[in-house]
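First the structure, in the form of structure tokens, and then the observations on it.
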Amino acid sequence: MPRPPYDPELLAMVPEQEIPPFTRELLDAMRSAPAPGIAELEPALARTGVRHEERTVPGPSGDITLSIFTPPAPRPGMPAMYSIHGGGMIAGDRFGGLDAFGFLDWVAEFGLVLISPEYHLAPEVQGTALTEDCHAGLAWTFEHAAELGIDPARIVVAGFSGGGGLAAGTALLNRDRGGPAPLAQLLICPQLDDRGRTASARQFSRANGARRGLTTEHIAFAWDMVLGEGHSDAAPDPTAVPARALDLSGLPPAYIDAGSAEVFRDEAVQYATRLWAAGGQAELHIWAGGWHGFEQAGTAEISIAAQAARKSWMRRVLSA
């Protein structure tokens, strides 16, 4: 099956590095490798003057650690972004992506509070348990907004990749339980659908010759860890798989993006289309030639454009 081409500047800047097929042994090895933790953010914290603290809050699968980043000159009534890390819901930690996506710079520039939860990973917890973790941290944020200097009417839920799917699921769960509504949701290259039946899933499979970034086979492994085998023909809870939701009405306005050369392209487009059909608001960007995680080439024109578009949307959301 033919595939859309990769951005030529990205190809020149990023050497081809095939990600090996995921197995449980590889996952265990990835997790056992020492993680830099907060140390990876120290240069960005020094550059921006952003301050970091941690809180431990109860969650349905055990305690959850929240990393809270505040601007150099905090004030009452600050906006906030509740950012859920990527990693396919099977890897990563609460520090991942915060600098790469420019979120720490947003803390200083927009004067916002950034909160990142350390949710429990699959397969140790499965199904809705991951979304429940993220929702528990968001609920705590709303409850302690005054203590944190946050305006509860200006909290944005965000996430990248697996974290984007969890952000969408958290917004669904929050709506269904009648919780305070987030101002908006920022879904970057979100992992929304476990079925792998879209055109982009077929195009960017290893079986179809795809070798850059994550392939459909990598994503299938992650969903098996999250939902257990046989989920494609089952009916998993839509708060665990947002693309399965029958009703997308009453959700916060969304920013959704993806690359044209990645597995998640079509599910991102479909989710935005269904939000519009339900009477909601969504801003959709598909970046031509981008593969999953193309922001790693931070000086490429496509990466600069994607960062600028997200930042523009955030500025408009917070000033509305």
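Identifiers in this document derive from the order of the structure tokens: chains are assigned A, B, ..., residues are numbered from 1 separately in each chain, and ligands are numbered from 1 in order of occurrence.
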At a cut-off of 12 Å, can you tabulate as JSON lines every residue of stretch 164-210 of chain A near stretch 284-304 of chain A together with its closest atom pair and the distance in Å to one decimal, using only C-alpha atoms and ordering rows by chain then number?
{"residue": "A:Leu186", "atom": "CA", "partner": "A:Leu284", "partner_atom": "CA", "distance": 10.6}
{"residue": "A:Leu187", "atom": "CA", "partner": "A:Leu284", "partner_atom": "CA", "distance": 9.8}
{"residue": "A:Ile188", "atom": "CA", "partner": "A:Gly293", "partner_atom": "CA", "distance": 9.5}
{"residue": "A:Cys189", "atom": "CA", "partner": "A:His292", "partner_atom": "CA", "distance": 7.1}
{"residue": "A:Pro190", "atom": "CA", "partner": "A:His292", "partner_atom": "CA", "distance": 9.9}
{"residue": "A:Gln191", "atom": "CA", "partner": "A:His292", "partner_atom": "CA", "distance": 10.7}
{"residue": "A:Ser200", "atom": "CA", "partner": "A:Trp291", "partner_atom": "CA", "distance": 11.3}
{"residue": "A:Phe204", "atom": "CA", "partner": "A:Trp291", "partner_atom": "CA", "distance": 9.6}
{"residue": "A:Ala210", "atom": "CA", "partner": "A:Trp291", "partner_atom": "CA", "distance": 10.5}
**Item:** Long-range neighbours of stretch 143-151 of chain A as an NGL selection string, 8 Å cut-off, only C-alpha atoms, 5 positions minimum in chain
**Value:** :A and (74-80 or 113)
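For stretch 61-115 of chain A, backbone-based DSSP labels the following residues as strand (DSSP E or B): Gly62, Ile64, Thr65, Leu66, Ser67, Ile68, Phe69, Thr70, Met78, Pro79, Ala80, Met81, Tyr82, Ser83, Ile84, Val113, Leu114 and Ile115 of chain A.
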Let me see the file: selected residues, N, CA, C and O atoms, as a short mmCIF file (atom, residue, chain, number, x, y, z; two decimals), in the first residue's frame.
data_model
loop_
_atom_site.label_atom_id
_atom_site.label_comp_id
_atom_site.auth_asym_id
_atom_site.auth_seq_id
_atom_site.Cartn_x
_atom_site.Cartn_y
_atom_site.Cartn_z
N GLY A 62 -3.42 3.07 43.72
CA GLY A 62 -2.31 3.42 44.60
C GLY A 62 -1.98 4.89 44.45
O GLY A 62 -2.55 5.61 43.62
N ILE A 64 -0.39 8.48 43.59
CA ILE A 64 0.09 9.09 42.35
C ILE A 64 0.93 10.30 42.73
O ILE A 64 0.51 11.13 43.54
N THR A 65 2.10 10.40 42.14
CA THR A 65 2.94 11.58 42.33
C THR A 65 2.63 12.60 41.25
O THR A 65 2.60 12.27 40.06
N LEU A 66 2.40 13.84 41.66
CA LEU A 66 2.20 14.94 40.72
C LEU A 66 3.42 15.84 40.77
O LEU A 66 3.83 16.28 41.86
N SER A 67 4.01 16.13 39.63
CA SER A 67 5.03 17.16 39.54
C SER A 67 4.33 18.47 39.18
O SER A 67 3.56 18.52 38.22
N ILE A 68 4.61 19.51 39.96
CA ILE A 68 3.94 20.80 39.78
C ILE A 68 5.01 21.85 39.48
O ILE A 68 5.94 22.05 40.27
N PHE A 69 4.87 22.49 38.34
CA PHE A 69 5.82 23.51 37.89
C PHE A 69 5.12 24.86 37.91
O PHE A 69 4.05 25.02 37.31
N THR A 70 5.72 25.83 38.59
CA THR A 70 5.10 27.15 38.71
C THR A 70 6.03 28.22 38.14
O THR A 70 7.25 28.05 38.12
N MET A 78 -3.90 31.90 38.35
CA MET A 78 -3.13 31.49 37.18
C MET A 78 -3.87 30.40 36.40
O MET A 78 -4.58 29.59 36.97
N PRO A 79 -3.71 30.37 35.07
CA PRO A 79 -4.20 29.22 34.31
C PRO A 79 -3.32 28.00 34.60
O PRO A 79 -2.24 28.13 35.20
N ALA A 80 -3.76 26.84 34.19
CA ALA A 80 -3.00 25.61 34.44
C ALA A 80 -3.13 24.67 33.26
O ALA A 80 -4.12 24.70 32.51
N MET A 81 -2.14 23.83 33.10
CA MET A 81 -2.18 22.75 32.11
C MET A 81 -1.85 21.45 32.83
O MET A 81 -0.80 21.34 33.47
N TYR A 82 -2.75 20.50 32.72
CA TYR A 82 -2.58 19.17 33.30
C TYR A 82 -2.11 18.26 32.17
O TYR A 82 -2.89 17.87 31.30
N SER A 83 -0.80 17.95 32.17
CA SER A 83 -0.16 17.31 31.02
C SER A 83 0.18 15.86 31.32
O SER A 83 0.92 15.57 32.26
N ILE A 84 -0.32 14.93 30.49
CA ILE A 84 -0.18 13.50 30.70
C ILE A 84 0.88 12.96 29.72
O ILE A 84 0.76 13.14 28.51
N VAL A 113 0.50 27.25 35.60
CA VAL A 113 0.97 26.13 36.41
C VAL A 113 0.88 24.86 35.57
O VAL A 113 -0.16 24.59 34.97
N LEU A 114 1.96 24.11 35.51
CA LEU A 114 2.01 22.86 34.76
C LEU A 114 2.03 21.70 35.75
O LEU A 114 2.87 21.66 36.65
N ILE A 115 1.10 20.77 35.56
CA ILE A 115 0.98 19.62 36.47
C ILE A 115 1.07 18.35 35.64
O ILE A 115 0.36 18.19 34.65
#
**Message:** With distances taken over only C-alpha atoms, which residue among A:Arg316, A:His231, A:Arg3, A:Arg265 lies nearest A:Gln126?
**Reply:**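 So, comparing all the options, the nearest one is A:His231.
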**Message:** Residues near A:Thr23, anyone? I mean within 12 Å using only C-alpha atoms, not counting same-chain ones fewer than 6 positions away, as a list in words.
**Reply:**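 Near A:Thr23, the qualifying residues are Ala29, Met30, Ile90, Glu217, His218, Ile219, Ala220, Phe221, Ala222, Asp224 and Met225 of chain A.
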**Request:** Return the single residue from A:Val263, A:Val241, A:Met1, A:Val50 that is closest to A:Gly163, with distances computed using only C-alpha atoms.
**Result:**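 Of all the options, A:Val241 lies closest to A:Gly163.
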**Asked** Using only C-alpha atoms, which of the listed residues (A:Gly97, A:Gly102, A:Pro34, A:Pro72) sits closest to A:Arg310?
**Response**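 Looking at the shortest contact to A:Arg310, the residue is A:Gly102.
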**Prompt:** Leaving out A:Ala199 and any residue of its chain fewer than 5 positions from it, which residues lie within 12 Å of it when counting only C-alpha atoms, given as a list in words?
**Reply:** Met1, Pro2, Arg3, Pro4, Phe204, Ser205, Asn208, Thr216, Ser260, Ala261, Glu262, Val263, Phe264, Arg265, Asp266, Glu267, Val269 and Gln270 of chain A
Please produce a file of the residues just selected, as a PDB file, in the first residue's frame, where the atoms kept are N, CA, C and O atoms.
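So part-v9.pdb came out as:
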ATOM      1  N   MET A   1       0.857  -1.187   0.000  1.00  0.00           N
ATOM      2  CA  MET A   1       0.000   0.000   0.000  1.00  0.00           C
ATOM      3  C   MET A   1       0.891   1.234   0.000  1.00  0.00           C
ATOM      4  O   MET A   1       1.782   1.357   0.841  1.00  0.00           O
ATOM      5  N   PRO A   2       0.708   2.163  -0.941  1.00  0.00           N
ATOM      6  CA  PRO A   2       1.574   3.355  -0.990  1.00  0.00           C
ATOM      7  C   PRO A   2       1.414   4.209   0.258  1.00  0.00           C
ATOM      8  O   PRO A   2       0.346   4.237   0.883  1.00  0.00           O
ATOM      9  N   ARG A   3       2.517   4.913   0.625  1.00  0.00           N
ATOM     10  CA  ARG A   3       2.517   5.740   1.833  1.00  0.00           C
ATOM     11  C   ARG A   3       2.831   7.186   1.470  1.00  0.00           C
ATOM     12  O   ARG A   3       3.644   7.434   0.569  1.00  0.00           O
ATOM     13  N   PRO A   4       2.249   8.160   2.166  1.00  0.00           N
ATOM     14  CA  PRO A   4       2.664   9.548   1.966  1.00  0.00           C
ATOM     15  C   PRO A   4       4.148   9.694   2.280  1.00  0.00           C
ATOM     16  O   PRO A   4       4.661   9.049   3.197  1.00  0.00           O
ATOM     17  N   PHE A 204       1.329   2.492   7.617  1.00  0.00           N
ATOM     18  CA  PHE A 204       2.535   2.611   8.430  1.00  0.00           C
ATOM     19  C   PHE A 204       2.713   1.413   9.361  1.00  0.00           C
ATOM     20  O   PHE A 204       3.068   1.538  10.525  1.00  0.00           O
ATOM     21  N   SER A 205       2.482   0.264   8.766  1.00  0.00           N
ATOM     22  CA  SER A 205       2.770  -0.990   9.460  1.00  0.00           C
ATOM     23  C   SER A 205       4.142  -1.492   9.013  1.00  0.00           C
ATOM     24  O   SER A 205       4.612  -1.189   7.910  1.00  0.00           O
ATOM     25  N   ASN A 208       3.961  -3.374   5.912  1.00  0.00           N
ATOM     26  CA  ASN A 208       3.871  -2.578   4.685  1.00  0.00           C
ATOM     27  C   ASN A 208       5.164  -1.823   4.396  1.00  0.00           C
ATOM     28  O   ASN A 208       5.192  -0.947   3.530  1.00  0.00           O
ATOM     29  N   THR A 216       2.429   0.252  13.205  1.00  0.00           N
ATOM     30  CA  THR A 216       1.166  -0.322  13.678  1.00  0.00           C
ATOM     31  C   THR A 216       1.415  -1.495  14.623  1.00  0.00           C
ATOM     32  O   THR A 216       0.673  -1.687  15.596  1.00  0.00           O
ATOM     33  N   SER A 260       1.281  13.462   8.773  1.00  0.00           N
ATOM     34  CA  SER A 260       0.629  12.727   7.686  1.00  0.00           C
ATOM     35  C   SER A 260       1.271  11.364   7.473  1.00  0.00           C
ATOM     36  O   SER A 260       0.674  10.487   6.842  1.00  0.00           O
ATOM     37  N   ALA A 261       2.489  11.175   8.008  1.00  0.00           N
ATOM     38  CA  ALA A 261       3.230   9.935   7.799  1.00  0.00           C
ATOM     39  C   ALA A 261       3.360   9.167   9.104  1.00  0.00           C
ATOM     40  O   ALA A 261       4.454   8.758   9.507  1.00  0.00           O
ATOM     41  N   GLU A 262       2.229   8.959   9.776  1.00  0.00           N
ATOM     42  CA  GLU A 262       2.247   8.201  11.032  1.00  0.00           C
ATOM     43  C   GLU A 262       0.957   7.419  11.221  1.00  0.00           C
ATOM     44  O   GLU A 262      -0.081   7.712  10.613  1.00  0.00           O
ATOM     45  N   VAL A 263       1.030   6.439  12.090  1.00  0.00           N
ATOM     46  CA  VAL A 263      -0.076   5.539  12.359  1.00  0.00           C
ATOM     47  C   VAL A 263      -1.322   6.287  12.829  1.00  0.00           C
ATOM     48  O   VAL A 263      -2.451   5.963  12.427  1.00  0.00           O
ATOM     49  N   PHE A 264      -1.156   7.301  13.673  1.00  0.00           N
ATOM     50  CA  PHE A 264      -2.296   7.933  14.333  1.00  0.00           C
ATOM     51  C   PHE A 264      -3.011   8.986  13.490  1.00  0.00           C
ATOM     52  O   PHE A 264      -3.965   9.606  13.947  1.00  0.00           O
ATOM     53  N   ARG A 265      -2.551   9.210  12.254  1.00  0.00           N
ATOM     54  CA  ARG A 265      -3.116  10.280  11.429  1.00  0.00           C
ATOM     55  C   ARG A 265      -4.639  10.190  11.302  1.00  0.00           C
ATOM     56  O   ARG A 265      -5.365  11.147  11.612  1.00  0.00           O
ATOM     57  N   ASP A 266      -5.141   9.050  10.857  1.00  0.00           N
ATOM     58  CA  ASP A 266      -6.559   8.966  10.530  1.00  0.00           C
ATOM     59  C   ASP A 266      -7.455   8.949  11.762  1.00  0.00           C
ATOM     60  O   ASP A 266      -8.565   9.507  11.735  1.00  0.00           O
ATOM     61  N   GLU A 267      -6.987   8.340  12.859  1.00  0.00           N
ATOM     62  CA  GLU A 267      -7.829   8.359  14.056  1.00  0.00           C
ATOM     63  C   GLU A 267      -7.912   9.769  14.634  1.00  0.00           C
ATOM     64  O   GLU A 267      -8.928  10.152  15.226  1.00  0.00           O
ATOM     65  N   VAL A 269      -7.893  12.533  12.733  1.00  0.00           N
ATOM     66  CA  VAL A 269      -8.847  13.212  11.842  1.00  0.00           C
ATOM     67  C   VAL A 269     -10.272  12.790  12.177  1.00  0.00           C
ATOM     68  O   VAL A 269     -11.186  13.623  12.263  1.00  0.00           O
ATOM     69  N   GLN A 270     -10.481  11.507  12.377  1.00  0.00           N
ATOM     70  CA  GLN A 270     -11.825  11.010  12.678  1.00  0.00           C
ATOM     71  C   GLN A 270     -12.344  11.561  14.000  1.00  0.00           C
ATOM     72  O   GLN A 270     -13.531  11.897  14.120  1.00  0.00           O
TER      73      GLN A 270
END
**Prompt:** When you draw a straight line from atom CA of A:Ala201 to atom CA of A:Gly127, how long is it in Å?
**Reply:**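 Separation of atom CA of A:Ala201 and atom CA of A:Gly127: 21.6 Å.
With only C-alpha atoms as the atoms that count, the residue of A:Gln185, A:Gln307, A:Asn174, A:Thr128 with the shortest distance to A:Leu275 is A:Gln185.
The gap separating atom CA of A:Phe110 from atom CA of A:Ala73 is 11.2 Å, in Å to one decimal.
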**Asked** Tell me, which residues of stretch 216-260 of chain A carry DSSP helix (DSSP H, G or I), written as a ChimeraX atom specification?
**Response** /A:216-227,231-233,242-244
**Prompt:** Which of these, A:Glu283, A:Asp105, A:Asp233, A:Asp93, has the shortest distance to A:Gly37 once you count only C-alpha atoms?
**Reply:**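 With only C-alpha atoms as the atom set, the closest residue is A:Asp93.
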**Message:** Which residue is closest to A:Asp176? Choose from A:Thr215, A:Thr141, A:Gln203, A:Thr239 and count only C-alpha atoms.
**Reply:**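 Nearest candidate to A:Asp176 out of A:Thr215, A:Thr141, A:Gln203, A:Thr239: A:Thr239.
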